[in-house]
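**Student:** I'm passing along final-v7.pdb; it holds PDB, C-alpha atoms.
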ATOM      1  CA  MET A   1      91.381 235.827 222.753  1.00  0.00           C
ATOM      2  CA  THR A   2      88.553 233.696 224.044  1.00  0.00           C
ATOM      3  CA  LEU A   3      88.230 229.963 223.674  1.00  0.00           C
ATOM      4  CA  GLU A   4      84.996 228.470 222.528  1.00  0.00           C
ATOM      5  CA  LEU A   5      83.540 225.640 224.586  1.00  0.00           C
ATOM      6  CA  GLU A   6      84.257 223.170 221.753  1.00  0.00           C
ATOM      7  CA  GLN A   7      87.917 224.214 221.692  1.00  0.00           C
ATOM      8  CA  ILE A   8      88.286 223.663 225.425  1.00  0.00           C
ATOM      9  CA  PHE A   9      86.665 220.224 225.296  1.00  0.00           C
ATOM     10  CA  GLY A  10      88.646 219.329 222.162  1.00  0.00           C
ATOM     11  CA  GLN A  11      91.913 220.139 223.944  1.00  0.00           C
ATOM     12  CA  GLU A  12      90.906 218.102 226.982  1.00  0.00           C
ATOM     13  CA  SER A  13      89.941 215.081 224.898  1.00  0.00           C
ATOM     14  CA  ALA A  14      93.227 215.280 222.958  1.00  0.00           C
ATOM     15  CA  LEU A  15      95.154 215.258 226.243  1.00  0.00           C
ATOM     16  CA  ASP A  16      93.047 212.383 227.551  1.00  0.00           C
ATOM     17  CA  ALA A  17      93.729 210.404 224.376  1.00  0.00           C
ATOM     18  CA  THR A  18      97.494 210.956 224.724  1.00  0.00           C
ATOM     19  CA  ASP A  19      97.376 209.854 228.371  1.00  0.00           C
ATOM     20  CA  ARG A  20      95.314 206.787 227.429  1.00  0.00           C
ATOM     21  CA  VAL A  21      97.794 205.750 224.729  1.00  0.00           C
ATOM     22  CA  GLN A  22     100.801 206.278 227.036  1.00  0.00           C
ATOM     23  CA  SER A  23      99.088 204.336 229.814  1.00  0.00           C
ATOM     24  CA  ALA A  24      98.245 201.554 227.363  1.00  0.00           C
ATOM     25  CA  GLY A  25     101.876 201.468 226.204  1.00  0.00           C
ATOM     26  CA  THR A  26     103.076 200.984 229.765  1.00  0.00           C
ATOM     27  CA  ALA A  27     100.432 198.308 230.361  1.00  0.00           C
ATOM     28  CA  LEU A  28     101.445 196.479 227.164  1.00  0.00           C
ATOM     29  CA  GLU A  29     105.093 196.476 228.195  1.00  0.00           C
ATOM     30  CA  GLU A  30     104.167 195.139 231.658  1.00  0.00           C
ATOM     31  CA  LEU A  31     101.934 192.468 230.120  1.00  0.00           C
ATOM     32  CA  LEU A  32     104.588 191.255 227.679  1.00  0.00           C
ATOM     33  CA  VAL A  33     107.264 191.069 230.385  1.00  0.00           C
ATOM     34  CA  SER A  34     104.932 189.215 232.740  1.00  0.00           C
ATOM     35  CA  ALA A  35     103.644 186.816 230.056  1.00  0.00           C
ATOM     36  CA  LYS A  36     107.203 186.085 228.933  1.00  0.00           C
ATOM     37  CA  LYS A  37     108.162 185.106 232.507  1.00  0.00           C
ATOM     38  CA  GLN A  38     105.140 182.782 232.653  1.00  0.00           C
ATOM     39  CA  ASP A  39     105.923 181.383 229.182  1.00  0.00           C
ATOM     40  CA  TYR A  40     102.537 182.604 227.923  1.00  0.00           C
ATOM     41  CA  LEU A  41     103.810 184.312 224.753  1.00  0.00           C
ATOM     42  CA  THR A  42     103.649 183.079 221.200  1.00  0.00           C
ATOM     43  CA  VAL A  43     105.912 185.113 218.939  1.00  0.00           C
ATOM     44  CA  GLY A  44     105.831 185.130 215.141  1.00  0.00           C
ATOM     45  CA  VAL A  45     103.172 185.327 212.454  1.00  0.00           C
ATOM     46  CA  TYR A  46     103.156 181.625 211.562  1.00  0.00           C
ATOM     47  CA  GLU A  47     103.465 180.416 215.159  1.00  0.00           C
ATOM     48  CA  SER A  48     100.572 182.691 216.160  1.00  0.00           C
ATOM     49  CA  ALA A  49      98.415 181.477 213.263  1.00  0.00           C
ATOM     50  CA  LYS A  50      98.979 177.872 214.384  1.00  0.00           C
ATOM     51  CA  ILE A  51      97.948 178.669 217.975  1.00  0.00           C
ATOM     52  CA  MET A  52      94.858 180.587 216.849  1.00  0.00           C
ATOM     53  CA  ASN A  53      93.821 177.691 214.620  1.00  0.00           C
ATOM     54  CA  VAL A  54      94.349 175.003 217.264  1.00  0.00           C
ATOM     55  CA  ASP A  55      93.434 176.762 220.507  1.00  0.00           C
ATOM     56  CA  PRO A  56      91.725 180.169 220.013  1.00  0.00           C
ATOM     57  CA  ASP A  57      89.956 180.003 223.393  1.00  0.00           C
ATOM     58  CA  ASN A  58      93.265 180.360 225.203  1.00  0.00           C
ATOM     59  CA  VAL A  59      94.392 183.487 223.358  1.00  0.00           C
ATOM     60  CA  ALA A  60      93.970 186.498 225.631  1.00  0.00           C
ATOM     61  CA  PHE A  61      95.491 189.306 223.544  1.00  0.00           C
ATOM     62  CA  CYS A  62      97.112 189.969 220.160  1.00  0.00           C
ATOM     63  CA  VAL A  63      99.797 192.485 219.178  1.00  0.00           C
ATOM     64  CA  LEU A  64     100.603 193.264 215.550  1.00  0.00           C
ATOM     65  CA  ALA A  65     103.797 195.177 214.887  1.00  0.00           C
ATOM     66  CA  THR A  66     105.226 196.918 211.909  1.00  0.00           C
ATOM     67  CA  ASP A  67     107.386 199.838 211.002  1.00  0.00           C
ATOM     68  CA  GLU A  68     108.081 201.830 207.851  1.00  0.00           C
ATOM     69  CA  GLU A  69     110.350 199.091 206.486  1.00  0.00           C
ATOM     70  CA  TYR A  70     107.495 196.550 206.447  1.00  0.00           C
ATOM     71  CA  GLU A  71     104.496 198.734 205.540  1.00  0.00           C
ATOM     72  CA  CYS A  72     104.853 197.833 201.843  1.00  0.00           C
ATOM     73  CA  ASP A  73     105.172 194.095 202.546  1.00  0.00           C
ATOM     74  CA  ILE A  74     101.944 192.887 200.926  1.00  0.00           C
ATOM     75  CA  ALA A  75     102.225 189.334 202.277  1.00  0.00           C
ATOM     76  CA  LEU A  76     102.625 190.648 205.835  1.00  0.00           C
ATOM     77  CA  GLN A  77      99.646 192.988 205.409  1.00  0.00           C
ATOM     78  CA  ILE A  78      97.518 190.059 204.187  1.00  0.00           C
ATOM     79  CA  HIS A  79      98.564 188.036 207.242  1.00  0.00           C
ATOM     80  CA  PHE A  80      97.643 190.995 209.465  1.00  0.00           C
ATOM     81  CA  THR A  81      94.222 191.264 207.833  1.00  0.00           C
ATOM     82  CA  LEU A  82      93.551 187.543 208.350  1.00  0.00           C
ATOM     83  CA  ILE A  83      94.807 187.641 211.954  1.00  0.00           C
ATOM     84  CA  GLN A  84      92.655 190.682 212.722  1.00  0.00           C
ATOM     85  CA  ALA A  85      89.588 188.994 211.228  1.00  0.00           C
ATOM     86  CA  PHE A  86      90.262 185.877 213.265  1.00  0.00           C
ATOM     87  CA  CYS A  87      90.673 187.965 216.421  1.00  0.00           C
ATOM     88  CA  PHE A  88      87.408 189.818 215.769  1.00  0.00           C
ATOM     89  CA  ASP A  89      85.566 186.539 215.170  1.00  0.00           C
ATOM     90  CA  ASN A  90      86.903 185.093 218.436  1.00  0.00           C
ATOM     91  CA  ASP A  91      86.547 188.214 220.633  1.00  0.00           C
ATOM     92  CA  ILE A  92      90.300 188.640 221.014  1.00  0.00           C
ATOM     93  CA  ASN A  93      91.495 192.207 221.503  1.00  0.00           C
ATOM     94  CA  VAL A  94      94.143 193.265 219.026  1.00  0.00           C
ATOM     95  CA  VAL A  95      96.408 196.326 218.924  1.00  0.00           C
ATOM     96  CA  ARG A  96      99.136 197.639 216.647  1.00  0.00           C
ATOM     97  CA  VAL A  97     102.567 198.823 217.690  1.00  0.00           C
ATOM     98  CA  ASN A  98     104.794 200.828 215.335  1.00  0.00           C
ATOM     99  CA  ASP A  99     108.098 199.947 217.008  1.00  0.00           C
ATOM    100  CA  ILE A 100     108.993 196.388 216.045  1.00  0.00           C
ATOM    101  CA  GLU A 101     112.565 196.720 217.325  1.00  0.00           C
ATOM    102  CA  ARG A 102     111.351 197.641 220.816  1.00  0.00           C
ATOM    103  CA  LEU A 103     108.883 194.751 220.768  1.00  0.00           C
ATOM    104  CA  ALA A 104     111.646 192.363 219.705  1.00  0.00           C
ATOM    105  CA  GLU A 105     113.703 193.563 222.696  1.00  0.00           C
ATOM    106  CA  LEU A 106     110.815 192.779 225.033  1.00  0.00           C
ATOM    107  CA  VAL A 107     110.127 189.282 223.697  1.00  0.00           C
ATOM    108  CA  GLY A 108     113.764 188.208 223.432  1.00  0.00           C
ATOM    109  CA  THR A 109     115.836 186.377 220.875  1.00  0.00           C
ATOM    110  CA  GLU A 110     115.885 182.990 219.198  1.00  0.00           C
ATOM    111  CA  GLU A 111     118.300 180.316 220.393  1.00  0.00           C
ATOM    112  CA  ALA A 112     120.703 181.361 217.627  1.00  0.00           C
ATOM    113  CA  GLY A 113     120.771 184.897 219.040  1.00  0.00           C
ATOM    114  CA  GLU A 114     118.703 186.393 216.225  1.00  0.00           C
ATOM    115  CA  PRO A 115     115.786 188.660 217.194  1.00  0.00           C
ATOM    116  CA  LYS A 116     112.430 186.889 217.136  1.00  0.00           C
ATOM    117  CA  ASP A 117     109.870 187.720 214.459  1.00  0.00           C
ATOM    118  CA  ALA A 118     107.851 190.175 216.538  1.00  0.00           C
ATOM    119  CA  HIS A 119     105.339 191.019 213.799  1.00  0.00           C
ATOM    120  CA  CYS A 120     102.669 189.102 215.697  1.00  0.00           C
ATOM    121  CA  ILE A 121     102.652 188.332 219.391  1.00  0.00           C
ATOM    122  CA  LEU A 122      99.928 186.431 221.211  1.00  0.00           C
ATOM    123  CA  VAL A 123      99.449 186.445 224.944  1.00  0.00           C
ATOM    124  CA  ARG A 124      97.950 183.118 225.916  1.00  0.00           C
ATOM    125  CA  SER A 125      95.924 182.296 228.980  1.00  0.00           C
ATOM    126  CA  PRO A 126      96.222 178.517 229.169  1.00  0.00           C
ATOM    127  CA  GLY A 127      94.388 176.235 231.520  1.00  0.00           C
ATOM    128  CA  SER A 128      91.013 176.344 233.182  1.00  0.00           C
ATOM    129  CA  GLU A 129      92.058 178.965 235.711  1.00  0.00           C
ATOM    130  CA  SER A 130      92.376 182.002 233.520  1.00  0.00           C
ATOM    131  CA  TRP A 131      95.661 183.839 234.003  1.00  0.00           C
ATOM    132  CA  LYS A 132      94.876 187.352 235.149  1.00  0.00           C
ATOM    133  CA  ASP A 133      97.205 190.288 234.962  1.00  0.00           C
ATOM    134  CA  PRO A 134      96.203 193.866 235.884  1.00  0.00           C
ATOM    135  CA  ALA A 135      97.945 195.097 232.721  1.00  0.00           C
ATOM    136  CA  LEU A 136      95.757 192.774 230.626  1.00  0.00           C
ATOM    137  CA  ASP A 137      92.642 194.263 232.237  1.00  0.00           C
ATOM    138  CA  LYS A 138      93.899 197.789 231.430  1.00  0.00           C
ATOM    139  CA  LEU A 139      94.510 196.807 227.817  1.00  0.00           C
ATOM    140  CA  HIS A 140      91.080 195.209 227.481  1.00  0.00           C
ATOM    141  CA  LEU A 141      89.533 198.447 228.775  1.00  0.00           C
ATOM    142  CA  PHE A 142      91.693 200.497 226.366  1.00  0.00           C
ATOM    143  CA  CYS A 143      90.522 198.366 223.429  1.00  0.00           C
ATOM    144  CA  GLU A 144      86.903 198.609 224.527  1.00  0.00           C
ATOM    145  CA  GLU A 145      87.143 202.413 224.782  1.00  0.00           C
ATOM    146  CA  SER A 146      88.843 202.561 221.384  1.00  0.00           C
ATOM    147  CA  ARG A 147      86.084 200.509 219.773  1.00  0.00           C
ATOM    148  CA  SER A 148      83.509 202.915 221.222  1.00  0.00           C
ATOM    149  CA  VAL A 149      85.012 205.612 218.956  1.00  0.00           C
ATOM    150  CA  TYR A 150      85.304 203.205 215.985  1.00  0.00           C
ATOM    151  CA  ASP A 151      89.027 202.562 216.355  1.00  0.00           C
ATOM    152  CA  TRP A 152      88.937 198.798 215.853  1.00  0.00           C
ATOM    153  CA  VAL A 153      92.694 198.173 215.962  1.00  0.00           C
ATOM    154  CA  PRO A 154      94.170 200.955 218.092  1.00  0.00           C
ATOM    155  CA  THR A 155      97.842 201.813 217.867  1.00  0.00           C
ATOM    156  CA  ILE A 156      99.873 201.790 221.061  1.00  0.00           C
ATOM    157  CA  THR A 157     103.176 203.544 221.606  1.00  0.00           C
ATOM    158  CA  LEU A 158     105.574 201.753 223.916  1.00  0.00           C
ATOM    159  CA  PRO A 159     107.349 203.862 226.554  1.00  0.00           C
ATOM    160  CA  GLU A 160     110.801 205.144 225.634  1.00  0.00           C
ATOM    161  CA  ARG A 161     113.870 203.483 227.170  1.00  0.00           C
TER     162      ARG A 161
END
Produce structure tokens that represent the structure in this file.
**Tutor:**
Amino acid sequence: MTLELEQIFGQESALDATDRVQSAGTALEELLVSAKKQDYLTVGVYESAKIMNVDPDNVAFCVLATDEEYECDIALQIHFTLIQAFCFDNDINVVRVNDIERLAELVGTEEAGEPKDAHCILVRSPGSESWKDPALDKLHLFCEESRSVYDWVPTITLPER
């Protein structure tokens, strides 16, 4: 059996894509942990919408999360569409994550001990000196590469625990 040149390149690009997504998942986890320590996270659909309306220039990154339980939630999907449009209009990179429980673990719980609404998470970069994190740079590059192949809201898989 011989492999055609297209088959060889197709296999390589599939492996590269898997590595890119895994690397992006690790970078996203690092970014969320770091931003949480700095108190640069906004968690929740409504809280995020408020921040984007009041101070869009200080939003560095957006994460939208769902799972099978919420895929039929029309109101949530409308919010996601509006948030994505806002992010595109304001040059904010946005990704999707399909593991809302894992995201909720990373961002913590409410004061009452309930998990936070992790459907939308913003990473802010407040102040004149822009907060820089190597993981944020990796994610920006991942989003840029994804857009180059017309994947406007790429999906990231968080690393297993």
**Student:** Taking 2 positions as the minimum chain separation for residues in the same chain, which residues sit within 8 Å of A:Asp99 when counting only C-alpha atoms? Answer as a PyMOL selection string.
**Tutor:** chain A and resi 65-67+97+101-103+157-158
**Student:** Show which residues sit within 9 Å of stretch 144-152 of chain A, as a list in words. Count all atoms listed in the file, and ignore same-chain residues fewer than 5 positions away.
**Tutor:**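 Counting all atoms listed in the file, the residues come to Asn93, Val94, Val95 and Leu139 of chain A.
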**Student:** Rounded to one decimal in Å, what is the spacing between atom CA of A:Ile78 and atom CA of A:Leu106?
**Tutor:**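 If I compute the distance from atom CA of A:Ile78 to atom CA of A:Leu106, I get 24.9 Å.
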**Student:** One number please: atom CA of A:Ala27 to atom CA of A:Asp57, in Å, one decimal.
**Tutor:**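 Between atom CA of A:Ala27 and atom CA of A:Asp57 the gap is 22.2 Å.
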**Student:** Can you translate the PyMOL selection byres ((chain A and resi 83-91) around 12) into the concrete residues it hits in this file, as a ChimeraX atom specification?
**Tutor:** /A:44-53,55-64,76-82,92-96,119-122,140,143-144,147,152-154
**Student:** I need the residue nearest A:Ala118 from this list: A:Gln22, A:Thr42, A:Ser34, A:Thr155. Use only C-alpha atoms for the distance.
**Tutor:** A:Thr42
**Student:** For this structure, which residues satisfy the selection - the PyMOL selection byres ((chain A and resi 32) around 8) - when it is evaluated on the file as given? I want them as a PDB file with C-alpha atoms, in the coordinates of the input.
**Tutor:**
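The resulting file, selection-v5.pdb, is reproduced below:
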ATOM      1  CA  LEU A  28     101.445 196.479 227.164  1.00  0.00           C
ATOM      2  CA  GLU A  29     105.093 196.476 228.195  1.00  0.00           C
ATOM      3  CA  GLU A  30     104.167 195.139 231.658  1.00  0.00           C
ATOM      4  CA  LEU A  31     101.934 192.468 230.120  1.00  0.00           C
ATOM      5  CA  VAL A  33     107.264 191.069 230.385  1.00  0.00           C
ATOM      6  CA  SER A  34     104.932 189.215 232.740  1.00  0.00           C
ATOM      7  CA  ALA A  35     103.644 186.816 230.056  1.00  0.00           C
ATOM      8  CA  LYS A  36     107.203 186.085 228.933  1.00  0.00           C
ATOM      9  CA  LEU A  41     103.810 184.312 224.753  1.00  0.00           C
ATOM     10  CA  LEU A 106     110.815 192.779 225.033  1.00  0.00           C
ATOM     11  CA  VAL A 107     110.127 189.282 223.697  1.00  0.00           C
ATOM     12  CA  VAL A 123      99.449 186.445 224.944  1.00  0.00           C
TER      13      VAL A 123
END
**Student:** How many Å lie between atom CA of A:Asp73 and atom CA of A:Pro159, rounded to one decimal?
**Tutor:** 26.0 Å
**Student:** Each side padded by 5 Å, which centre and which edge lengths in Å (one decimal) define the axis-aligned box around the listed atoms of stretch 136-140 of chain A? Give them as AutoDock Vina command-line options.
**Tutor:**
--center_x 93.4 --center_y 195.3 --center_z 229.9 --size_x 14.7 --size_y 15.0 --size_z 14.8
**Student:** Considering all atoms listed in the file, can you say which of A:Gly108, A:Gly25, A:Ile74, A:Pro134 comes closest to A:Lys37?
**Tutor:** A:Gly108
**Student:** Between A:Lys116, A:Ala24, A:Glu105, A:Tyr70, single out the one closest to A:Asp137, counting all atoms listed in the file.
**Tutor:** A:Ala24
**Student:** Could you please fill out stretch 20-39 of chain A with N, CA, C and O atoms and send it back as a tab-separated table (two decimals), in the frame of the given file?
**Tutor:**
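Saved file result10.tsv follows:
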chain	number	residue	atom	x	y	z
A	20	ARG	N	95.81	208.15	227.59
A	20	ARG	CA	95.31	206.79	227.43
A	20	ARG	C	96.31	205.94	226.65
A	20	ARG	O	96.58	204.80	227.02
A	21	VAL	N	96.86	206.50	225.56
A	21	VAL	CA	97.79	205.75	224.73
A	21	VAL	C	99.09	205.48	225.50
A	21	VAL	O	99.63	204.38	225.45
A	22	GLN	N	99.58	206.48	226.24
A	22	GLN	CA	100.80	206.28	227.04
A	22	GLN	C	100.57	205.24	228.12
A	22	GLN	O	101.41	204.38	228.36
A	23	SER	N	99.42	205.31	228.78
A	23	SER	CA	99.09	204.34	229.81
A	23	SER	C	98.97	202.94	229.22
A	23	SER	O	99.43	201.95	229.81
A	24	ALA	N	98.37	202.84	228.04
A	24	ALA	CA	98.24	201.55	227.36
A	24	ALA	C	99.61	201.02	226.97
A	24	ALA	O	99.86	199.81	227.05
A	25	GLY	N	100.52	201.89	226.56
A	25	GLY	CA	101.88	201.47	226.20
A	25	GLY	C	102.61	200.87	227.39
A	25	GLY	O	103.27	199.84	227.28
A	26	THR	N	102.47	201.50	228.54
A	26	THR	CA	103.08	200.98	229.76
A	26	THR	C	102.45	199.65	230.14
A	26	THR	O	103.15	198.70	230.50
A	27	ALA	N	101.12	199.56	230.04
A	27	ALA	CA	100.43	198.31	230.36
A	27	ALA	C	100.86	197.19	229.42
A	27	ALA	O	101.07	196.05	229.85
A	28	LEU	N	101.02	197.50	228.13
A	28	LEU	CA	101.44	196.48	227.16
A	28	LEU	C	102.84	195.98	227.50
A	28	LEU	O	103.10	194.78	227.48
A	29	GLU	N	103.74	196.89	227.83
A	29	GLU	CA	105.09	196.48	228.20
A	29	GLU	C	105.06	195.57	229.43
A	29	GLU	O	105.69	194.52	229.45
A	30	GLU	N	104.29	195.96	230.44
A	30	GLU	CA	104.17	195.14	231.66
A	30	GLU	C	103.60	193.76	231.33
A	30	GLU	O	104.07	192.74	231.84
A	31	LEU	N	102.57	193.74	230.49
A	31	LEU	CA	101.93	192.47	230.12
A	31	LEU	C	102.92	191.55	229.40
A	31	LEU	O	103.02	190.36	229.73
A	32	LEU	N	103.65	192.09	228.44
A	32	LEU	CA	104.59	191.26	227.68
A	32	LEU	C	105.70	190.71	228.57
A	32	LEU	O	106.07	189.54	228.44
A	33	VAL	N	106.21	191.53	229.47
A	33	VAL	CA	107.26	191.07	230.38
A	33	VAL	C	106.73	189.97	231.30
A	33	VAL	O	107.35	188.93	231.48
A	34	SER	N	105.54	190.20	231.84
A	34	SER	CA	104.93	189.22	232.74
A	34	SER	C	104.61	187.91	232.00
A	34	SER	O	104.89	186.81	232.50
A	35	ALA	N	104.01	188.01	230.83
A	35	ALA	CA	103.64	186.82	230.06
A	35	ALA	C	104.89	186.05	229.62
A	35	ALA	O	104.88	184.81	229.59
A	36	LYS	N	105.95	186.76	229.32
A	36	LYS	CA	107.20	186.08	228.93
A	36	LYS	C	107.74	185.27	230.11
A	36	LYS	O	108.15	184.12	229.93
A	37	LYS	N	107.69	185.83	231.31
A	37	LYS	CA	108.16	185.11	232.51
A	37	LYS	C	107.34	183.85	232.75
A	37	LYS	O	107.86	182.84	233.20
A	38	GLN	N	106.04	183.92	232.45
A	38	GLN	CA	105.14	182.78	232.65
A	38	GLN	C	105.16	181.81	231.47
A	38	GLN	O	104.47	180.79	231.51
A	39	ASP	N	105.89	182.16	230.42
A	39	ASP	CA	105.92	181.38	229.18
A	39	ASP	C	104.54	181.33	228.53
A	39	ASP	O	104.09	180.29	228.06
